[in-house]
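protein.cif follows; it contains mmCIF, C-alpha atoms and all ligand atoms.
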data_protein
#
loop_
_atom_site.label_atom_id
_atom_site.label_comp_id
_atom_site.auth_asym_id
_atom_site.auth_seq_id
_atom_site.Cartn_x
_atom_site.Cartn_y
_atom_site.Cartn_z
CA MET A 287 193.52 -90.38 55.62
CA VAL A 288 190.50 -88.25 56.46
CA ARG A 289 187.27 -90.15 56.23
CA HIS A 290 184.06 -88.40 55.26
CA PRO A 291 181.43 -88.93 57.96
CA ASP A 292 179.19 -90.75 55.50
CA THR A 293 181.84 -93.18 54.29
CA PRO A 294 180.74 -96.71 55.23
CA VAL A 295 183.02 -98.22 57.89
CA SER A 296 184.05 -101.82 58.38
CA GLY A 297 181.82 -104.08 60.47
CA ARG A 298 184.09 -104.11 63.53
CA ALA A 299 184.51 -100.32 63.60
CA ALA A 300 180.75 -99.92 63.38
CA VAL A 301 180.24 -102.27 66.35
CA LEU A 302 182.84 -100.38 68.40
CA ARG A 303 181.23 -97.09 67.55
CA ARG A 304 177.81 -98.36 68.59
CA LEU A 305 179.28 -99.68 71.82
CA ALA A 306 180.94 -96.33 72.62
CA ARG A 307 177.71 -94.45 71.89
CA TRP A 308 175.80 -96.85 74.12
CA CYS A 309 178.34 -96.37 76.97
CA LEU A 310 178.15 -92.60 76.68
CA ALA A 311 174.38 -92.40 76.18
CA PRO A 312 172.71 -90.38 78.94
CA TRP A 313 170.70 -92.32 81.48
CA PRO A 314 167.16 -91.20 82.32
CA ALA A 315 167.04 -88.44 84.92
CA PRO A 316 166.32 -89.74 88.47
CA PRO A 317 163.17 -88.45 90.21
CA VAL A 318 163.64 -84.99 91.68
CA THR A 319 162.15 -86.11 95.02
CA LEU A 320 165.42 -87.97 95.65
CA ARG A 321 167.28 -84.66 95.75
CA ARG A 322 167.44 -84.36 99.52
CA GLY A 323 170.07 -83.84 102.17
CA PRO A 324 173.52 -83.50 100.66
CA LEU A 325 171.99 -84.02 97.22
CA ARG A 326 170.18 -80.66 97.37
CA PRO A 327 171.62 -78.02 95.08
CA GLY A 328 173.96 -75.52 96.70
CA VAL A 329 174.46 -77.32 100.05
CA PHE A 330 178.24 -77.18 99.85
CA ARG A 331 179.09 -73.58 100.15
CA SER A 332 182.77 -73.42 101.08
CA ARG A 333 184.46 -71.15 98.58
CA LEU A 334 187.82 -72.60 99.46
CA ARG A 335 187.27 -75.52 97.15
CA SER A 336 188.41 -75.07 93.58
CA THR A 337 189.60 -77.20 90.71
CA ARG A 338 192.93 -75.43 90.98
CA MET A 339 193.46 -76.39 94.62
CA THR A 340 192.28 -79.95 93.99
CA SER A 341 194.75 -80.12 91.09
CA GLN A 342 197.64 -78.83 93.19
CA LEU A 343 196.88 -81.34 95.93
CA GLY A 344 196.50 -84.04 93.28
CA VAL A 345 199.93 -83.35 91.80
CA ALA A 346 201.58 -83.43 95.25
CA LEU A 347 199.74 -86.64 96.12
CA GLY A 348 200.63 -88.19 92.75
CA VAL A 349 204.33 -87.49 93.34
CA ALA A 350 204.18 -88.92 96.89
CA PHE A 351 202.31 -92.04 95.74
CA GLY A 352 204.68 -92.50 92.79
CA ILE A 353 207.74 -92.46 95.06
CA CYS A 354 205.98 -94.69 97.56
CA PHE A 355 205.01 -97.20 94.89
CA GLY A 356 208.47 -97.30 93.29
CA THR A 357 210.33 -97.75 96.57
CA GLY A 358 207.76 -100.26 97.82
CA LEU A 359 207.99 -102.32 94.65
CA LEU A 360 211.78 -102.29 94.98
CA SER A 361 211.57 -103.52 98.57
CA HIS A 362 209.22 -106.30 97.47
CA LEU A 363 211.58 -107.36 94.66
CA ILE A 364 214.58 -107.44 97.02
CA GLN A 365 212.68 -109.70 99.41
CA HIS A 366 211.15 -111.93 96.72
CA PRO A 367 213.63 -111.69 93.84
CA PRO A 368 212.43 -113.06 90.50
CA GLY A 369 215.07 -114.61 88.26
CA TRP A 370 215.73 -111.43 86.30
CA PHE A 371 216.18 -109.24 89.37
CA TRP A 372 219.59 -108.18 90.62
CA TRP A 373 220.30 -106.10 93.70
CA PRO A 374 223.85 -104.91 94.42
CA ALA A 375 225.67 -105.06 97.77
CA ARG A 376 226.79 -101.44 97.41
CA PRO A 377 226.23 -98.67 98.23
CA VAL A 378 225.98 -99.99 101.77
CA GLY A 379 223.03 -97.79 102.78
CA LEU A 380 220.99 -97.70 99.56
CA TYR A 381 218.12 -99.79 100.95
CA ARG A 382 218.20 -97.73 104.12
CA PHE A 383 217.58 -94.69 101.91
CA THR A 384 214.89 -96.19 99.64
CA GLN A 385 212.91 -97.74 102.49
CA GLY A 386 213.28 -94.65 104.68
CA LEU A 387 211.88 -92.69 101.73
CA HIS A 388 209.03 -95.19 101.28
CA VAL A 389 207.80 -94.78 104.85
CA ALA A 390 208.46 -91.02 104.94
CA THR A 391 206.50 -90.30 101.72
CA GLY A 392 203.66 -92.55 102.88
CA LEU A 393 203.41 -90.64 106.16
CA ALA A 394 203.69 -87.25 104.43
CA ALA A 395 200.85 -88.30 102.09
CA ILE A 396 198.35 -88.61 104.97
CA PRO A 397 197.47 -84.88 105.26
CA LEU A 398 197.61 -84.55 101.46
CA LEU A 399 195.06 -87.32 100.99
CA GLY A 400 192.88 -85.89 103.76
CA ALA A 401 192.87 -82.44 102.14
CA LYS A 402 192.28 -83.86 98.67
CA LEU A 403 189.30 -85.91 99.80
CA TRP A 404 187.90 -82.86 101.60
CA SER A 405 188.32 -80.76 98.48
CA VAL A 406 186.31 -83.16 96.30
CA TYR A 407 183.88 -84.95 98.59
CA PRO A 408 180.90 -82.73 97.63
CA ARG A 409 181.15 -84.37 94.21
CA LEU A 410 180.14 -87.62 95.87
CA PHE A 411 176.67 -86.03 95.91
CA SER A 412 176.70 -84.62 92.39
CA TRP A 413 173.41 -84.72 90.51
CA PRO A 414 172.54 -86.91 88.71
CA PRO A 415 174.59 -89.56 90.57
CA VAL A 416 175.45 -91.33 87.31
CA ARG A 417 175.02 -89.96 83.85
CA SER A 418 176.03 -92.91 81.68
CA ILE A 419 177.73 -96.29 81.75
CA ALA A 420 181.10 -94.62 81.15
CA HIS A 421 180.48 -92.21 84.01
CA ALA A 422 179.44 -95.06 86.31
CA ALA A 423 182.64 -96.95 85.42
CA GLU A 424 184.75 -93.88 86.13
CA ARG A 425 183.08 -93.37 89.51
CA ALA A 426 183.59 -97.04 90.39
CA SER A 427 187.30 -96.86 89.53
CA LEU A 428 187.59 -93.68 91.60
CA GLY A 429 185.91 -95.44 94.54
CA LEU A 430 188.44 -98.24 94.18
CA LEU A 431 191.31 -95.75 94.11
CA VAL A 432 190.14 -93.96 97.24
CA ALA A 433 189.57 -97.24 99.10
CA ALA A 434 192.97 -98.58 98.02
CA ALA A 435 194.79 -95.36 98.97
CA LEU A 436 193.15 -95.31 102.42
CA PHE A 437 193.94 -98.99 102.91
CA LEU A 438 197.61 -98.47 102.01
CA LEU A 439 198.09 -95.53 104.37
CA VAL A 440 196.17 -97.10 107.27
CA SER A 441 197.80 -100.54 106.95
CA GLY A 442 201.24 -98.92 106.56
CA VAL A 443 200.80 -96.91 109.75
CA LEU A 444 199.52 -99.99 111.61
CA ASN A 445 202.55 -101.94 110.41
CA ILE A 446 205.16 -99.40 111.49
CA SER A 447 203.33 -99.19 114.84
CA ARG A 448 203.48 -103.01 114.95
CA TRP A 449 199.76 -103.14 115.71
CA TYR A 450 198.56 -106.19 113.83
CA ALA A 451 195.28 -106.84 115.66
CA PRO A 452 193.16 -104.76 113.22
CA MET A 453 194.73 -106.56 110.23
CA PRO A 454 193.29 -110.05 109.84
CA PHE A 455 195.57 -110.67 106.83
CA PHE A 456 199.31 -110.89 106.21
CA PHE A 457 200.31 -107.24 106.01
CA THR A 458 203.06 -107.56 103.38
CA ALA A 459 200.89 -109.42 100.87
CA GLY A 460 197.83 -107.21 101.42
CA HIS A 461 199.84 -103.99 101.19
CA TYR A 462 201.60 -105.18 98.03
CA TRP A 463 198.55 -106.32 96.06
CA VAL A 464 196.39 -103.36 97.01
CA ALA A 465 199.22 -101.10 95.80
CA TRP A 466 198.66 -102.53 92.30
CA LEU A 467 194.93 -101.76 92.55
CA ALA A 468 195.83 -98.21 93.59
CA VAL A 469 198.20 -97.80 90.66
CA GLY A 470 195.55 -99.05 88.22
CA GLY A 471 192.95 -96.69 89.68
CA LEU A 472 195.46 -93.84 89.69
CA LEU A 473 196.34 -94.29 86.01
CA VAL A 474 192.65 -94.22 85.04
CA HIS A 475 192.14 -91.19 87.28
CA ILE A 476 195.08 -89.31 85.76
CA GLY A 477 193.95 -90.24 82.25
CA VAL A 478 190.44 -88.91 82.88
CA HIS A 479 191.43 -85.70 84.69
CA LEU A 480 194.73 -84.67 83.12
CA PRO A 481 193.20 -82.11 80.69
CA ALA A 482 191.23 -80.43 83.51
CA VAL A 483 194.29 -80.43 85.81
CA ARG A 484 196.43 -78.89 83.07
CA ALA A 485 193.87 -76.19 82.42
CA ALA A 486 193.41 -75.47 86.13
CA LEU A 487 197.13 -75.18 86.74
CA THR A 488 197.96 -73.00 83.75
CA ARG A 489 195.00 -70.61 83.72
CA PRO A 490 195.48 -67.64 86.05
CA THR A 491 192.85 -67.89 88.77
CA GLY A 492 191.87 -64.22 88.84
CA GLU A 493 189.67 -64.97 91.82
CA PRO A 494 189.47 -62.34 94.53
CA ARG A 495 191.30 -62.93 97.79
CA GLN A 496 188.95 -63.87 100.56
CA ASP A 497 188.88 -62.83 104.14
CA GLY A 498 190.06 -65.29 106.73
CA LEU A 499 191.44 -68.60 105.63
CA ASN A 500 192.17 -68.38 101.94
CA ARG A 501 193.27 -71.15 99.63
CA ARG A 502 196.93 -70.38 99.96
CA ALA A 503 196.67 -70.57 103.74
CA LEU A 504 194.88 -73.91 103.47
CA LEU A 505 197.53 -75.34 101.16
CA GLY A 506 200.21 -73.93 103.46
CA GLY A 507 198.55 -75.64 106.41
CA VAL A 508 198.47 -78.97 104.57
CA ALA A 509 202.14 -78.59 103.60
CA ALA A 510 203.01 -77.70 107.19
CA ALA A 511 201.15 -80.78 108.48
CA SER A 512 203.07 -83.00 106.04
CA GLY A 513 206.34 -81.33 107.02
CA LEU A 514 205.61 -81.73 110.72
CA ILE A 515 204.78 -85.41 110.35
CA THR A 516 208.00 -85.91 108.39
CA LEU A 517 210.12 -83.99 110.91
CA SER A 518 208.66 -85.84 113.87
CA THR A 519 209.22 -89.31 112.37
CA VAL A 520 212.16 -89.22 109.96
CA GLY A 521 214.63 -89.21 112.87
CA GLN A 522 213.95 -92.96 113.04
CA THR A 523 216.30 -93.31 110.08
CA ILE A 524 218.22 -89.98 109.89
CA ARG A 525 220.33 -90.06 113.03
CA PRO A 526 220.93 -86.28 113.48
CA LEU A 527 217.13 -85.77 113.60
CA ALA A 528 216.61 -88.52 116.19
CA GLY A 529 215.91 -85.91 118.90
CA LEU A 530 212.87 -84.66 116.95
CA ALA A 531 211.41 -88.11 116.31
CA VAL A 532 208.65 -87.79 118.91
CA LEU A 533 206.08 -89.56 116.72
CA ALA A 534 208.43 -92.28 115.43
CA PRO A 535 207.62 -95.78 116.66
CA ARG A 536 211.37 -96.54 116.97
CA HIS A 537 214.42 -94.59 117.99
CA PRO A 538 217.67 -95.63 116.35
CA ASP A 539 219.63 -95.52 119.61
CA VAL A 540 217.17 -97.14 122.02
CA GLY A 541 217.70 -100.84 122.68
CA PRO A 542 220.28 -103.27 124.00
CA GLN A 543 223.81 -102.30 122.87
CA GLY A 544 222.34 -99.01 121.63
CA LEU A 545 220.34 -100.58 118.79
CA PRO A 546 216.59 -101.29 118.51
CA VAL A 547 215.40 -104.89 118.53
CA ASN A 548 212.82 -106.10 116.10
CA ARG A 549 212.16 -109.57 117.55
CA THR A 550 213.52 -110.68 120.90
CA ALA A 551 215.11 -114.07 121.59
CA ALA A 552 212.24 -114.87 123.95
CA GLY A 553 209.69 -113.83 121.31
CA ALA A 554 211.37 -116.08 118.75
CA GLY A 555 211.58 -118.95 121.28
CA VAL A 556 215.34 -119.42 120.86
CA ARG A 557 216.71 -118.52 124.32
CA ALA A 558 217.57 -122.05 125.41
CA ALA A 559 219.08 -123.09 122.07
CA ALA A 560 221.10 -119.87 121.76
CA LEU A 561 222.55 -120.19 125.29
CA ASP A 562 223.25 -123.94 125.01
CA PRO A 563 227.00 -124.62 125.51
CA ALA A 564 226.67 -127.36 122.88
CA TYR A 565 225.88 -124.67 120.26
CA ARG A 566 227.43 -125.30 116.84
CA LEU A 567 227.15 -123.44 113.56
CA ARG A 568 226.97 -126.02 110.78
CA VAL A 569 228.23 -124.95 107.37
CA THR A 570 227.44 -127.32 104.54
CA GLY A 571 229.05 -127.06 101.10
CA PRO A 572 228.58 -129.11 97.96
CA ASP A 573 231.37 -131.53 99.03
CA ARG A 574 232.19 -130.84 102.65
CA SER A 575 230.63 -129.75 105.94
CA VAL A 576 232.05 -128.19 109.09
CA SER A 577 230.56 -127.73 112.52
CA LEU A 578 231.96 -124.75 114.44
CA ASP A 579 231.53 -123.89 118.11
CA LEU A 580 231.97 -120.30 119.29
CA ALA A 581 235.67 -120.83 120.07
CA ALA A 582 236.28 -122.16 116.56
CA LEU A 583 234.41 -119.20 115.04
CA ASP A 584 236.51 -116.86 117.20
CA ARG A 585 239.73 -118.40 115.90
CA LEU A 586 238.87 -117.57 112.29
CA PRO A 587 240.04 -114.16 110.96
CA GLN A 588 237.79 -111.43 112.41
CA TYR A 589 236.65 -108.33 110.53
CA THR A 590 234.80 -105.24 111.66
CA ALA A 591 232.24 -103.32 109.61
CA GLU A 592 229.95 -100.33 110.22
CA LEU A 593 226.63 -101.47 108.82
CA PRO A 594 223.01 -100.44 109.29
CA ILE A 595 220.03 -102.54 110.19
CA ALA A 596 217.45 -101.06 107.82
CA CYS A 597 214.06 -102.40 108.78
CA VAL A 598 211.23 -102.46 106.24
CA GLU A 599 209.28 -100.55 108.88
CA GLY A 600 211.34 -97.46 108.05
CA TRP A 601 213.69 -97.27 111.05
CA SER A 602 217.38 -97.84 110.66
CA ALA A 603 220.42 -97.79 112.91
CA THR A 604 224.11 -98.30 112.35
CA GLY A 605 226.15 -100.72 114.43
CA THR A 606 229.81 -101.71 114.55
CA TRP A 607 229.75 -105.42 113.85
CA THR A 608 232.66 -107.84 114.21
CA GLY A 609 232.80 -111.41 113.03
CA VAL A 610 233.75 -113.86 110.33
CA ARG A 611 233.37 -113.15 106.62
CA LEU A 612 230.62 -115.25 105.07
CA GLY A 613 232.96 -115.66 102.08
CA ASP A 614 235.59 -117.25 104.34
CA LEU A 615 233.05 -119.81 105.63
CA VAL A 616 232.04 -120.57 102.05
CA ALA A 617 235.72 -121.15 101.15
CA LEU A 618 236.12 -123.30 104.26
CA VAL A 619 233.67 -125.86 102.86
CA GLY A 620 235.41 -125.85 99.50
CA ALA A 621 233.07 -123.61 97.50
CA ASP A 622 234.03 -120.54 95.48
CA PRO A 623 232.88 -117.40 97.34
CA ARG A 624 232.72 -115.45 94.09
CA HIS A 625 230.04 -117.67 92.59
CA SER A 626 228.13 -119.18 95.48
CA SER A 627 224.92 -118.33 97.19
CA ALA A 628 224.13 -119.27 100.76
CA TRP A 629 220.96 -120.33 102.56
CA VAL A 630 221.20 -118.99 106.08
CA GLU A 631 218.99 -120.54 108.75
CA SER A 632 218.12 -119.60 112.32
CA LEU A 633 217.72 -121.63 115.50
CA GLN A 634 214.18 -120.25 115.40
CA VAL A 635 211.80 -123.07 114.54
CA GLY A 636 208.87 -121.20 112.96
CA GLY A 637 208.36 -117.64 111.76
CA ARG A 638 208.65 -115.95 108.42
CA TYR A 639 212.09 -114.48 108.98
CA ARG A 640 213.87 -117.56 110.28
CA ALA A 641 215.94 -118.02 107.10
CA CYS A 642 217.01 -116.23 103.95
CA THR A 643 219.08 -116.59 100.81
CA VAL A 644 222.28 -114.59 100.41
CA PRO A 645 222.94 -114.09 96.68
CA PRO A 646 226.50 -114.22 95.23
CA GLU A 647 226.90 -110.39 95.16
CA HIS A 648 226.46 -110.38 98.92
CA VAL A 649 228.38 -113.61 99.63
CA ARG A 650 231.45 -112.24 97.87
CA ASP A 651 231.26 -108.80 99.48
CA PRO A 652 233.98 -108.46 102.16
CA LEU A 653 231.54 -106.57 104.40
CA THR A 654 229.11 -109.49 104.61
CA LEU A 655 229.72 -110.93 108.05
CA ILE A 656 228.54 -113.66 110.34
CA ALA A 657 228.69 -111.26 113.27
CA LEU A 658 229.71 -112.44 116.74
CA ARG A 659 230.10 -108.98 118.29
CA LEU A 660 228.34 -105.64 118.31
CA GLY A 661 230.24 -102.56 119.48
CA GLY A 662 233.11 -104.79 120.58
CA GLU A 663 231.00 -106.92 122.98
CA PRO A 664 229.52 -110.34 122.30
CA LEU A 665 226.13 -109.93 120.60
CA HIS A 666 223.23 -109.33 122.94
CA LEU A 667 220.88 -112.31 122.97
CA ASP A 668 218.21 -110.14 121.32
CA HIS A 669 220.60 -109.05 118.55
CA GLY A 670 221.24 -112.64 117.52
CA TYR A 671 223.74 -114.24 119.93
CA PRO A 672 225.71 -116.43 119.30
CA ALA A 673 225.95 -115.48 115.59
CA ARG A 674 223.93 -113.49 113.08
CA LEU A 675 224.10 -112.40 109.47
CA ILE A 676 224.87 -108.74 108.76
CA ALA A 677 225.39 -107.66 105.17
CA PRO A 678 225.50 -104.33 103.34
CA ASN A 679 222.45 -102.96 101.51
CA ARG A 680 219.85 -105.46 102.68
CA PRO A 681 216.46 -105.15 104.39
CA GLY A 682 216.44 -105.96 108.11
CA VAL A 683 214.22 -108.99 107.49
CA LEU A 684 217.11 -110.50 105.54
CA GLN A 685 219.65 -110.07 108.39
CA THR A 686 218.92 -113.39 110.08
CA LYS A 687 219.67 -113.72 113.80
CA TRP A 688 220.63 -116.77 115.95
CA LEU A 689 222.17 -118.72 113.08
CA SER A 690 222.19 -122.52 113.22
CA ARG A 691 223.04 -123.55 109.68
CA ILE A 692 224.49 -122.22 106.44
CA ILE A 693 224.01 -124.22 103.26
CA VAL A 694 226.29 -123.17 100.41
CA SER A 695 225.36 -123.86 96.83
CA GLY A 696 227.60 -123.14 93.90
CA THR A 697 225.90 -121.24 91.10
CA PRO A 698 227.13 -121.74 87.57
N1 LIG A 701 215.78 -115.36 113.10
C1 LIG A 701 215.27 -114.12 112.92
N2 LIG A 701 216.08 -113.15 112.49
C2 LIG A 701 215.60 -111.89 112.30
C3 LIG A 701 214.24 -111.58 112.54
C4 LIG A 701 213.40 -112.63 112.99
O1 LIG A 701 212.19 -112.45 113.24
N3 LIG A 701 213.96 -113.90 113.17
N4 LIG A 701 213.78 -110.30 112.32
C5 LIG A 701 214.52 -109.50 111.34
C6 LIG A 701 214.13 -108.10 111.27
S1 LIG A 701 212.58 -107.78 110.65
C7 LIG A 701 214.98 -107.07 111.55
S2 LIG A 701 214.56 -105.46 111.25
C8 LIG A 701 216.31 -107.33 112.14
C9 LIG A 701 216.50 -106.49 113.35
O2 LIG A 701 217.71 -106.79 113.99
P1 LIG A 701 217.94 -106.33 115.47
O3 LIG A 701 216.79 -106.88 116.28
O4 LIG A 701 219.25 -106.87 115.89
O5 LIG A 701 217.94 -104.82 115.45
O6 LIG A 701 216.48 -108.68 112.48
C10 LIG A 701 216.04 -109.60 111.51
N5 LIG A 701 216.45 -110.94 111.85
MO MO A 702 212.50 -105.55 110.14
#
Can you dump the structure from the file as C-alpha cells?
Amino acid sequence: MVRHPDTPVSGRAAVLRRLARWCLAPWPAPPVTLRRGPLRPGVFRSRLRSTRMTSQLGVALGVAFGICFGTGLLSHLIQHPPGWFWWPARPVGLYRFTQGLHVATGLAAIPLLGAKLWSVYPRLFSWPPVRSIAHAAERASLGLLVAAALFLLVSGVLNISRWYAPMPFFFTAGHYWVAWLAVGGLLVHIGVHLPAVRAALTRPTGEPRQDGLNRRALLGGVAAASGLITLSTVGQTIRPLAGLAVLAPRHPDVGPQGLPVNRTAAGAGVRAAALDPAYRLRVTGPDRSVSLDLAALDRLPQYTAELPIACVEGWSATGTWTGVRLGDLVALVGADPRHSSAWVESLQVGGRYRACTVPPEHVRDPLTLIALRLGGEPLHLDHGYPARLIAPNRPGVLQTKWLSRIIVSGTP
C-alpha cells in the first residue's frame, strides 16, 4: 500500500518518525577557531587515498576477519562444547587445518589493517567532527571496531609468541569476547558502507595514473607484505614450508623426540610424580576400577598411530605414537566404549590444561590412544611420560600429558 504523505499515521509510527528525525537532525556548527592542526581543510594531500582503494582493502580485510572469526569460534566450541555441539574424530587433521588457518589469516590481516587504517585516518579529522546523533553513534561503533580489531591482532600475536606479561587478563576469554564486539562493529560498519563500497568497486575509476608509487603498487605492496608474513610463519603447521618459517614462534621438528613441547614436566611441576616407580594409572568405571603400572600397560595390546599435536597457537607437528587404545581401557572397567565418555586427568596439580573430557566419538575411535611411546621410544618426560592422551582431530590443549586417572562414565 502506498501512503500519501499527508495520511495520518498511527501514534507509534509518529513517535518513531520523530525520533529518527531527531537523531538525524544536524547539530550546530562548531566554532571555526577550532579548525586547527589536522582539522584544517586540505591538510591531507596524499592522492593515493581513494574510496576505491579503501573498499578493496576493506573487502580483503572482511574476508580475513570472517575466516578468522569462524575458525576461532569453532576452536572455542571444541574446547567448551555446549550440549548441542558435536565435533567428529575424523578427518584426523581437520582441527590442524582450521586452527592453522585461524592463525595464518590473523597474521595476514596485520598489513591489511595497517593499510586500511592509513587509507581512512584523515577522516578522523573530518569537519564537523559530528553532524548528528546518528553520525556520532556510527563514529562510536567504528571506534569500537578499530579498537577491537587492534586488540585481537595484538593479543593473538602476543599469545602465539607466548608473551603474557603485557596481557593482565586470561588471553582466551579476552580474545573470545572481544571477537564478538568486533563482529558487532563490523556488521554495523558493513551495513553503513556497503552502498559506497559497491559503487566504488563497480564504477570505473578513470583517474589518471600517477608518477611514482601509484595505488596499484601500494595494494601490491600490502599484498606482498601479507604474503611474506604468511610464507615466513605458515611452515609452523605446513611441514614442507618449515624451512621458510623464520618468523614462526615454533618449528614443527624442533624439540625432544623431534616434536615441540608446549609445557615442560618441570614447568608443570610433575617431574617427581612422573618418575616415581610407584606410578599407577587408575581407571575408574561405573562398576569397577583398575590400577595399572607401566608393565601392566605394556602388556595390553599396543597400537601405533600417526597423529598431529595441533596447538591452538597455530603450530602443529605429526608424531608416531604407540600405546593402549582408550576404548580398551574403557572396556577393561566394564563400560561400553561405543557410548562412554572419559574424564582424563594429569599428575599436574594446578593449571588449566591438567584434565579434559573425551567425548564418545573420540573414545570409540581406534586411533585414540593412551600413548606410552613416541617414535618407538618411551615418551620423553616433556611429552607426557609415563602416559598421555593422543586422539585424532583435537586441539593440543585437549591432549593431556602425564596421566594419573581416567574416569569413565556411560552416556545413555
Ligand atoms: N597436563 C598437561 N597436559 C598438556 C598441557 C598442559 O599444560 N598440561 N598442555 C597441552 C598443550 S597446550 C599442547 S599444545 C600439547 C603439546 O604437547 P607436546 O608438549 O607433547 O608437544 O600438550 C597438551 N597437554
Ligand atoms: Mo597448545
query = Quick one: of A:Val694, A:Ile515, A:Ala435, A:Val318, who's nearest to Val389 of chain A, counting all atoms listed in the file?
reply = A:Ile515
Could you give me, as a tab-separated table, every chain A residue with an atom at most 12 Å from ligand MO 702 (chain A), plus its closest atom pair and distance in Å to one decimal, counting only C-alpha atoms and all ligand atoms, rows ordered by chain then number?
residue	atom	partner	partner_atom	distance
A:Ser361	CA	A:MO702	MO	11.8
A:Gln365	CA	A:MO702	MO	11.5
A:Arg382	CA	A:MO702	MO	11.4
A:Gln385	CA	A:MO702	MO	10.9
A:Asn445	CA	A:MO702	MO	10.6
A:Ile446	CA	A:MO702	MO	9.7
A:Arg448	CA	A:MO702	MO	10.5
A:Thr458	CA	A:MO702	MO	11.8
A:Arg536	CA	A:MO702	MO	11.4
A:Pro546	CA	A:MO702	MO	10.2
A:Val547	CA	A:MO702	MO	8.9
A:Asn548	CA	A:MO702	MO	6.0
A:Arg549	CA	A:MO702	MO	8.4
A:Thr550	CA	A:MO702	MO	12.0
A:Pro594	CA	A:MO702	MO	11.7
A:Ile595	CA	A:MO702	MO	8.1
A:Ala596	CA	A:MO702	MO	7.1
A:Cys597	CA	A:MO702	MO	3.8
A:Val598	CA	A:MO702	MO	5.1
A:Glu599	CA	A:MO702	MO	6.1
A:Gly600	CA	A:MO702	MO	8.4
A:Trp601	CA	A:MO702	MO	8.4
A:Ser602	CA	A:MO702	MO	9.1
A:Ala603	CA	A:MO702	MO	11.4
A:Arg638	CA	A:MO702	MO	11.2
A:Tyr639	CA	A:MO702	MO	9.0
A:Arg680	CA	A:MO702	MO	10.5
A:Pro681	CA	A:MO702	MO	7.0
A:Gly682	CA	A:MO702	MO	4.5
A:Val683	CA	A:MO702	MO	4.7
A:Leu684	CA	A:MO702	MO	8.2
A:Gln685	CA	A:MO702	MO	8.6
A:Thr686	CA	A:MO702	MO	10.1
A:Lys687	CA	A:MO702	MO	11.5
inquiry  = Between atom CA of Ala581 of chain A and atom CA of Tyr565 of chain A, what is the distance in Å, rounded to a tenth?
reply    =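 The value is 10.5 Å.
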Interatomic distance, atom CA of Ala423 of chain A to atom CA of Ala468 of chain A (Å, one decimal) = 15.6 Å
request  = With a distance cut-off of 10 Å and all atoms listed in the file, select the neighbouring residues of Ala551 of chain A, excluding the residue or stretch itself and same-chain residues fewer than 3 positions from it, and output the selection as JSON, numbers by chain.
outcome  = {"A": [547, 548, 554, 555, 556, 557, 558, 559, 560, 634, 666, 667, 668, 669, 670, 671, 687, 688]}
I need the chosen residues saved as a tab-separated table (two decimals), in the frame of the given file, with C-alpha atoms.
chain	number	residue	atom	x	y	z
A	547	VAL	CA	215.40	-104.89	118.53
A	548	ASN	CA	212.82	-106.10	116.10
A	554	ALA	CA	211.37	-116.08	118.75
A	555	GLY	CA	211.58	-118.95	121.28
A	556	VAL	CA	215.34	-119.42	120.86
A	557	ARG	CA	216.71	-118.52	124.32
A	558	ALA	CA	217.57	-122.05	125.41
A	559	ALA	CA	219.08	-123.09	122.07
A	560	ALA	CA	221.10	-119.87	121.76
A	634	GLN	CA	214.18	-120.25	115.40
A	666	HIS	CA	223.23	-109.33	122.94
A	667	LEU	CA	220.88	-112.31	122.97
A	668	ASP	CA	218.21	-110.14	121.32
A	669	HIS	CA	220.60	-109.05	118.55
A	670	GLY	CA	221.24	-112.64	117.52
A	671	TYR	CA	223.74	-114.24	119.93
A	687	LYS	CA	219.67	-113.72	113.80
A	688	TRP	CA	220.63	-116.77	115.95
